[in-house]
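Have a look at entry.cif below; it lists mmCIF, C-alpha atoms.
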```cif
data_structure
#
loop_
_atom_site.label_atom_id
_atom_site.label_comp_id
_atom_site.auth_asym_id
_atom_site.auth_seq_id
_atom_site.Cartn_x
_atom_site.Cartn_y
_atom_site.Cartn_z
CA MET B 1 -81.01 64.13 166.63
CA SER B 2 -80.58 67.36 164.68
CA MET B 3 -78.91 67.46 161.27
CA VAL B 4 -75.87 69.24 162.73
CA SER B 5 -75.48 66.62 165.47
CA TRP B 6 -75.85 63.80 162.96
CA ALA B 7 -73.28 65.39 160.62
CA TRP B 8 -70.77 65.86 163.46
CA ALA B 9 -71.28 62.28 164.66
CA TRP B 10 -70.69 60.99 161.13
CA LEU B 11 -67.61 63.19 160.62
CA SER B 12 -66.07 62.36 164.00
CA ASN B 13 -66.58 58.67 163.31
CA ILE B 14 -64.63 58.97 160.04
CA LEU B 15 -61.91 61.10 161.64
CA TYR B 16 -61.17 59.12 164.79
CA GLY B 17 -63.90 56.55 165.39
CA GLY B 18 -61.49 53.72 164.61
CA ILE B 19 -58.76 54.80 167.02
CA LYS B 20 -58.05 51.92 169.42
CA PRO B 21 -57.26 53.21 172.93
CA GLY B 22 -56.19 49.69 173.89
CA ILE B 23 -53.10 50.00 171.66
CA TYR B 24 -50.42 51.81 173.64
CA GLY B 25 -49.62 55.28 172.35
CA HIS B 26 -52.59 55.62 170.02
CA GLY B 27 -54.95 57.62 172.20
CA GLY B 28 -57.75 57.35 174.72
CA PRO B 29 -58.28 58.82 178.21
CA ASP B 30 -55.10 57.32 179.69
CA CYS B 31 -52.98 58.71 176.87
CA ALA B 32 -54.67 62.12 177.04
CA SER B 33 -53.97 62.36 180.78
CA PHE B 34 -50.40 61.02 180.56
CA LEU B 35 -49.01 64.55 180.95
CA SER B 36 -50.28 67.05 183.48
CA ALA B 37 -51.55 70.43 182.33
CA LYS B 38 -48.42 71.92 183.90
CA HIS B 39 -46.15 69.83 181.68
CA LYS B 40 -48.16 70.64 178.57
CA ILE B 41 -48.05 74.37 179.23
CA PHE B 42 -44.33 74.31 180.05
CA ASP B 43 -43.42 72.43 176.87
CA THR B 44 -45.59 74.72 174.74
CA VAL B 45 -44.15 77.93 176.21
CA PHE B 46 -40.59 76.60 176.08
CA SER B 47 -40.93 75.56 172.44
CA THR B 48 -42.54 78.93 171.59
CA PHE B 49 -39.49 80.84 172.83
CA ILE B 50 -37.25 78.55 170.76
CA MET B 51 -39.46 79.14 167.71
CA ILE B 52 -39.22 82.90 168.18
CA GLY B 53 -35.42 82.63 168.25
CA PHE B 54 -35.30 80.48 165.12
CA GLY B 55 -37.81 82.74 163.36
CA THR B 56 -35.68 85.79 164.13
CA ILE B 57 -32.58 84.14 162.67
CA ALA B 58 -34.53 83.13 159.55
CA TYR B 59 -35.87 86.67 159.06
CA PHE B 60 -32.42 88.27 159.09
CA THR B 61 -30.66 85.62 156.97
CA TYR B 62 -33.27 85.08 154.20
CA SER B 63 -31.91 84.76 150.65
CA MET B 64 -33.18 83.25 147.39
CA PRO B 65 -31.76 82.73 143.87
CA LYS B 66 -33.03 84.93 141.05
CA ARG B 67 -33.23 82.28 138.32
CA PHE B 68 -35.31 79.14 138.12
CA PRO B 69 -35.31 76.08 135.83
CA SER B 70 -37.84 75.54 133.05
CA VAL B 71 -39.39 72.09 133.59
CA ASP B 72 -42.91 72.64 132.26
CA ASN B 73 -42.63 69.88 129.65
CA CYS B 74 -40.83 67.28 131.74
CA PRO B 75 -42.66 63.95 131.16
CA SER B 76 -41.02 62.27 134.14
CA ARG B 77 -42.46 64.94 136.45
CA ARG B 78 -46.00 64.02 135.43
CA THR B 79 -45.18 60.34 135.95
CA MET B 80 -43.77 61.02 139.42
CA LEU B 81 -46.79 63.18 140.27
CA THR B 82 -49.17 60.40 139.21
CA LEU B 83 -47.24 57.83 141.23
CA MET B 84 -47.22 60.02 144.35
CA CYS B 85 -50.94 60.79 144.02
CA LEU B 86 -51.68 57.07 143.68
CA ILE B 87 -49.66 56.16 146.76
CA PHE B 88 -51.13 58.92 148.88
CA GLY B 89 -54.64 58.25 147.55
CA ILE B 90 -54.43 54.62 148.65
CA GLU B 91 -53.23 55.73 152.09
CA VAL B 92 -56.15 58.17 152.36
CA GLY B 93 -58.50 55.34 151.42
CA PHE B 94 -57.10 53.15 154.19
CA LYS B 95 -57.51 56.00 156.69
CA ILE B 96 -61.15 56.54 155.72
CA VAL B 97 -62.02 52.83 155.77
CA SER B 98 -60.30 52.33 159.14
CA ARG B 99 -61.97 55.52 160.46
CA THR B 100 -58.64 57.14 161.40
CA ALA B 101 -58.58 60.01 158.90
CA LEU B 102 -57.39 62.45 161.57
CA TYR B 103 -53.97 60.81 161.32
CA LEU B 104 -53.62 62.47 157.90
CA LEU B 105 -52.59 65.61 159.81
CA ASN B 106 -49.44 63.89 161.08
CA PRO B 107 -46.16 65.33 159.69
CA CYS B 108 -45.41 62.45 157.31
CA HIS B 109 -48.75 62.81 155.53
CA ALA B 110 -48.45 66.60 155.56
CA ILE B 111 -45.06 66.26 153.87
CA ALA B 112 -46.56 63.85 151.33
CA MET B 113 -49.25 66.40 150.44
CA THR B 114 -46.61 69.12 150.17
CA GLU B 115 -44.47 66.99 147.85
CA ILE B 116 -47.51 66.43 145.63
CA TYR B 117 -47.94 70.21 145.48
CA LEU B 118 -44.27 70.69 144.56
CA LEU B 119 -44.45 68.07 141.82
CA ALA B 120 -47.49 69.85 140.36
CA SER B 121 -45.97 73.35 140.61
CA LYS B 122 -43.56 75.40 138.55
CA PRO B 123 -40.22 76.41 140.07
CA SER B 124 -40.46 79.77 141.82
CA LYS B 125 -39.21 81.54 144.92
CA PHE B 126 -42.10 80.08 146.89
CA THR B 127 -41.67 76.48 145.72
CA PHE B 128 -37.90 76.67 146.23
CA GLY B 129 -38.53 77.89 149.77
CA VAL B 130 -41.08 75.13 150.45
CA LEU B 131 -38.68 72.47 149.15
CA ARG B 132 -35.87 73.78 151.34
CA VAL B 133 -38.09 73.66 154.43
CA ILE B 134 -39.28 70.15 153.54
CA ILE B 135 -35.70 68.91 153.16
CA HIS B 136 -34.88 70.11 156.66
CA TYR B 137 -38.09 68.56 158.03
CA ILE B 138 -37.72 65.31 156.08
CA HIS B 139 -36.08 63.40 158.93
CA VAL B 140 -39.54 62.92 160.48
CA THR B 141 -40.31 60.51 157.63
CA LEU B 142 -37.14 58.52 158.31
CA LEU B 143 -37.96 57.98 162.00
CA PRO B 144 -41.07 55.84 161.25
CA LEU B 145 -38.87 53.64 159.06
CA LEU B 146 -36.40 53.20 161.92
CA PHE B 147 -39.04 52.90 164.67
CA PRO B 148 -42.17 51.58 162.91
CA ASP B 149 -45.61 51.51 164.52
CA THR B 150 -47.93 49.31 162.46
CA LEU B 151 -49.96 47.62 165.21
CA ALA B 152 -53.22 49.31 164.20
CA ARG B 153 -52.88 48.49 160.49
CA GLN B 154 -55.06 45.44 159.93
CA TYR B 155 -56.30 45.65 156.32
CA PRO B 156 -54.48 43.71 153.56
CA GLY B 157 -51.75 45.88 152.08
CA GLU B 158 -52.05 48.57 154.75
CA THR B 159 -48.72 47.76 156.38
CA ALA B 160 -47.02 47.52 153.00
CA MET B 161 -48.37 50.96 152.10
CA TYR B 162 -46.88 52.31 155.35
CA TRP B 163 -43.41 51.29 154.19
CA ILE B 164 -43.93 52.35 150.57
CA GLU B 165 -45.25 55.81 151.41
CA HIS B 166 -42.48 56.66 153.86
CA ALA B 167 -39.77 55.29 151.58
CA VAL B 168 -41.00 57.29 148.57
CA ILE B 169 -41.40 60.47 150.62
CA PHE B 170 -37.86 60.23 151.97
CA PHE B 171 -35.77 58.48 149.29
CA VAL B 172 -37.49 59.34 146.00
CA VAL B 173 -39.37 62.64 145.71
CA PRO B 174 -36.89 65.15 147.23
CA PRO B 175 -33.90 63.76 145.24
CA TYR B 176 -36.04 63.78 142.10
CA LEU B 177 -37.05 67.43 142.62
CA VAL B 178 -33.41 68.39 143.13
CA TYR B 179 -32.56 66.46 139.95
CA ILE B 180 -35.08 68.28 137.71
CA TRP B 181 -34.68 71.68 139.37
CA GLY B 182 -30.92 71.51 139.72
CA PRO B 183 -28.67 72.07 142.75
CA GLU B 184 -29.53 75.78 142.82
CA CYS B 185 -32.81 74.88 144.51
CA LEU B 186 -30.71 74.01 147.57
CA GLU B 187 -29.31 76.70 149.81
CA SER B 188 -25.61 77.00 150.59
CA PHE B 189 -24.23 75.04 153.54
CA THR B 190 -23.80 78.26 155.54
CA ASP B 191 -27.38 79.48 154.97
CA TRP B 192 -29.37 78.73 158.15
CA THR B 193 -32.63 80.38 157.09
CA TRP B 194 -34.32 77.17 156.04
CA PRO B 195 -33.46 74.85 158.91
CA CYS B 196 -34.67 77.61 161.24
CA LEU B 197 -37.94 77.90 159.30
CA ALA B 198 -38.27 74.12 159.41
CA ALA B 199 -37.90 74.24 163.20
CA VAL B 200 -40.63 76.90 163.41
CA THR B 201 -42.87 74.80 161.14
CA CYS B 202 -42.31 71.74 163.31
CA GLY B 203 -43.11 73.60 166.52
CA VAL B 204 -46.25 75.26 165.16
CA GLN B 205 -47.58 72.02 163.71
CA ASN B 206 -47.00 69.99 166.88
CA PHE B 207 -47.84 72.41 169.66
CA TYR B 208 -50.42 74.70 168.05
CA ILE B 209 -52.25 72.34 165.66
CA LEU B 210 -51.81 68.71 166.70
CA GLN B 211 -51.79 69.28 170.46
CA PRO B 212 -55.15 71.14 170.64
CA LEU B 213 -56.74 68.61 168.29
CA GLY B 214 -55.27 65.75 170.31
CA ILE B 215 -56.60 67.15 173.58
CA LEU B 216 -60.03 67.70 172.03
CA THR B 217 -60.32 64.23 170.48
CA GLU B 218 -58.01 62.18 172.76
CA VAL B 219 -56.11 61.05 169.66
CA ASN B 220 -52.33 60.89 170.04
CA LEU B 221 -51.38 62.80 166.90
CA ASN B 222 -47.63 62.50 166.28
CA TYR B 223 -47.27 61.26 169.88
CA ILE B 224 -47.97 64.73 171.24
CA LEU B 225 -50.09 63.45 174.17
CA CYS B 226 -48.13 60.37 175.26
CA PRO B 227 -44.90 58.70 174.09
CA ALA B 228 -44.59 55.93 171.53
CA ILE B 229 -43.94 52.46 172.83
CA SER B 230 -40.43 52.60 171.30
CA ASP B 231 -39.58 56.06 172.68
CA PRO B 232 -36.28 55.78 174.63
CA PHE B 233 -37.26 58.86 176.68
CA ASN B 234 -40.59 57.41 177.83
CA GLY B 235 -41.72 59.39 180.86
CA PRO B 236 -43.22 62.74 181.87
CA TYR B 237 -40.36 64.66 180.23
CA TYR B 238 -40.39 62.85 176.89
CA ARG B 239 -41.56 65.97 175.02
CA THR B 240 -38.92 68.14 176.66
CA ALA B 241 -36.31 65.59 175.61
CA ALA B 242 -37.78 65.62 172.08
CA ILE B 243 -37.29 69.38 171.86
CA PHE B 244 -33.61 68.96 172.67
CA HIS B 245 -32.94 66.09 170.28
CA GLN B 246 -35.18 67.28 167.44
CA ALA B 247 -33.74 70.81 167.31
CA PRO B 248 -30.22 69.61 166.35
CA LEU B 249 -31.74 67.14 163.87
CA LEU B 250 -33.73 69.94 162.24
CA LEU B 251 -30.62 72.10 161.99
CA LEU B 252 -28.13 69.48 160.81
CA PHE B 253 -29.88 66.55 159.13
CA GLY B 254 -31.19 68.57 156.20
CA LYS B 255 -27.71 69.98 155.57
CA LEU B 256 -26.24 66.48 155.33
CA TYR B 257 -29.22 65.29 153.28
CA SER B 258 -28.85 68.11 150.74
CA GLN B 259 -25.07 67.69 150.56
CA ALA B 260 -25.67 64.04 149.67
CA PHE B 261 -27.83 65.24 146.74
CA ARG B 262 -25.02 67.44 145.46
CA LEU B 263 -22.52 64.61 145.74
CA VAL B 264 -24.75 62.15 143.89
CA LEU B 265 -25.45 64.64 141.08
CA LYS B 266 -21.76 65.42 140.75
CA LEU B 267 -20.71 61.76 140.67
CA PHE B 268 -23.43 60.22 138.50
CA LEU B 269 -24.78 63.16 136.47
CA PRO B 270 -21.83 65.54 136.11
CA GLU B 271 -23.05 66.99 132.80
CA TYR B 272 -26.71 67.43 133.71
CA LYS B 273 -27.71 71.09 133.89
CA PRO B 274 -31.37 72.17 133.63
CA GLU B 275 -32.20 75.24 131.56
CA TYR B 276 -32.72 78.30 133.75
CA GLN B 277 -34.69 81.48 133.28
CA LYS B 278 -34.07 84.64 135.24
CA ILE B 279 -36.93 86.06 137.30
CA GLU B 280 -36.66 89.49 138.83
#
```

In structure tokens, write the structure found in this file.
Amino acid sequence: MSMVSWAWAWLSNILYGGIKPGIYGHGGPDCASFLSAKHKIFDTVFSTFIMIGFGTIAYFTYSMPKRFPSVDNCPSRRTMLTLMCLIFGIEVGFKIVSRTALYLLNPCHAIAMTEIYLLASKPSKFTFGVLRVIIHYIHVTLLPLLFPDTLARQYPGETAMYWIEHAVIFFVVPPYLVYIWGPECLESFTDWTWPCLAAVTCGVQNFYILQPLGILTEVNLNYILCPAISDPFNGPYYRTAAIFHQAPLLLLFGKLYSQAFRLVLKLFLPEYKPEYQKIE
């Protein structure tokens, strides 16, 4: 065996060698062939046209504030960053030990990595934009809490980490970022740039990143190859149904989520106002 072949065998074993095809919805030949090539192409093309529409709306409605808070010396931010790194680091360790590291590309883990980046970054146009997109994509971390899939988690503490990671991603980090950055990091209720960009992000990640990788490895990343056991739309059109029910969620859930932030800040921290600096 050549060095390249040995390296690929070792890497593939770490990435998806521990995937159990016998667990429904996790992968394997049956899962990979659940949908016909015709269905996969149709869903991809259909979602692409929707993404183009959302991207066009986002391009013509883009806006961003011109001042940003100064939070460089915020001790609680470093504490939150350390906590988030610890939680995600433990989850990465479980994925490596269980030889399922490819699952780290799923949206929840991608959002966790993005939140770590935001906690480590200074407020700017870019970080404000990333936070706004994350807030409109955050509902994907709530769904695993409502419809959990922990059958493949067998190590002590692995299931507990599933609940902790998703709860912190959804309930803790985004509200904390809004708290230290102030409500100006959120767009107005009538600004549809960011939910549209979130929809484009969701489509690109699922159909142009996770789907090709899933087909190549027969791993059911984010249930892109076959439906979850708890999917109420289980059948050959489950992805088409997902496009129709996820699009409204992407457009509306983040608006309600961010409005809840504003309400909480107004009720419990009415006098809190971070110091802002203007950036041209």

Rounded to one decimal, what separation in Å do you get between CA of Ala32 (chain B) and CA of Glu165 (chain B)? 28.0 Å

For this structure, which residues satisfy the selection - the PyMOL selection byres ((chain B and resi 237) around 12) - when it is evaluated on the file as given? I want them as a PyMOL selection string. chain B and resi 34-36+38-40+42-43+224-227+231-236+238-244

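Evaluated on this file, the PyMOL selection byres ((chain B and resi 142) around 10) matches Cys108, Ile138, His139, Val140, Thr141, Leu143, Pro144, Leu145, Leu146, Phe147, Pro148, His166, Ala167, Ile169, Phe170 and Phe171 of chain B.
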
Take every atom of region 7-13 of chain B listed in the file, pad by 4 Å on each side, and give me the axis-aligned box centre and edge lengths in Å, one decimal, as AutoDock Vina command-line options.
```
--center_x -69.7 --center_y 62.3 --center_z 162.6 --size_x 15.2 --size_y 15.2 --size_z 12.0
```

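With only C-alpha atoms as the basis for measurement, B:Leu15 is the residue among B:Leu15, B:Met113, B:Leu151, B:Val4 that approaches Glu218 (chain B) most closely.
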
I need the residue set behind the PyMOL selection byres ((chain B and resi 176-185) around 10) for this file; please write it as a PyMOL selection string. chain B and resi 64-71+74+76-77+80+115+118-119+122-125+127-129+131-132+171-175+186-188+258-259+261-262+264-266+269+272-276

Counting all atoms listed in the file, what is within 12 Å of Phe60 (chain B), bar same-chain residues fewer than 3 positions away, as an MDAnalysis selection string? chainID B and resid 53:57 63 191:194 196:197
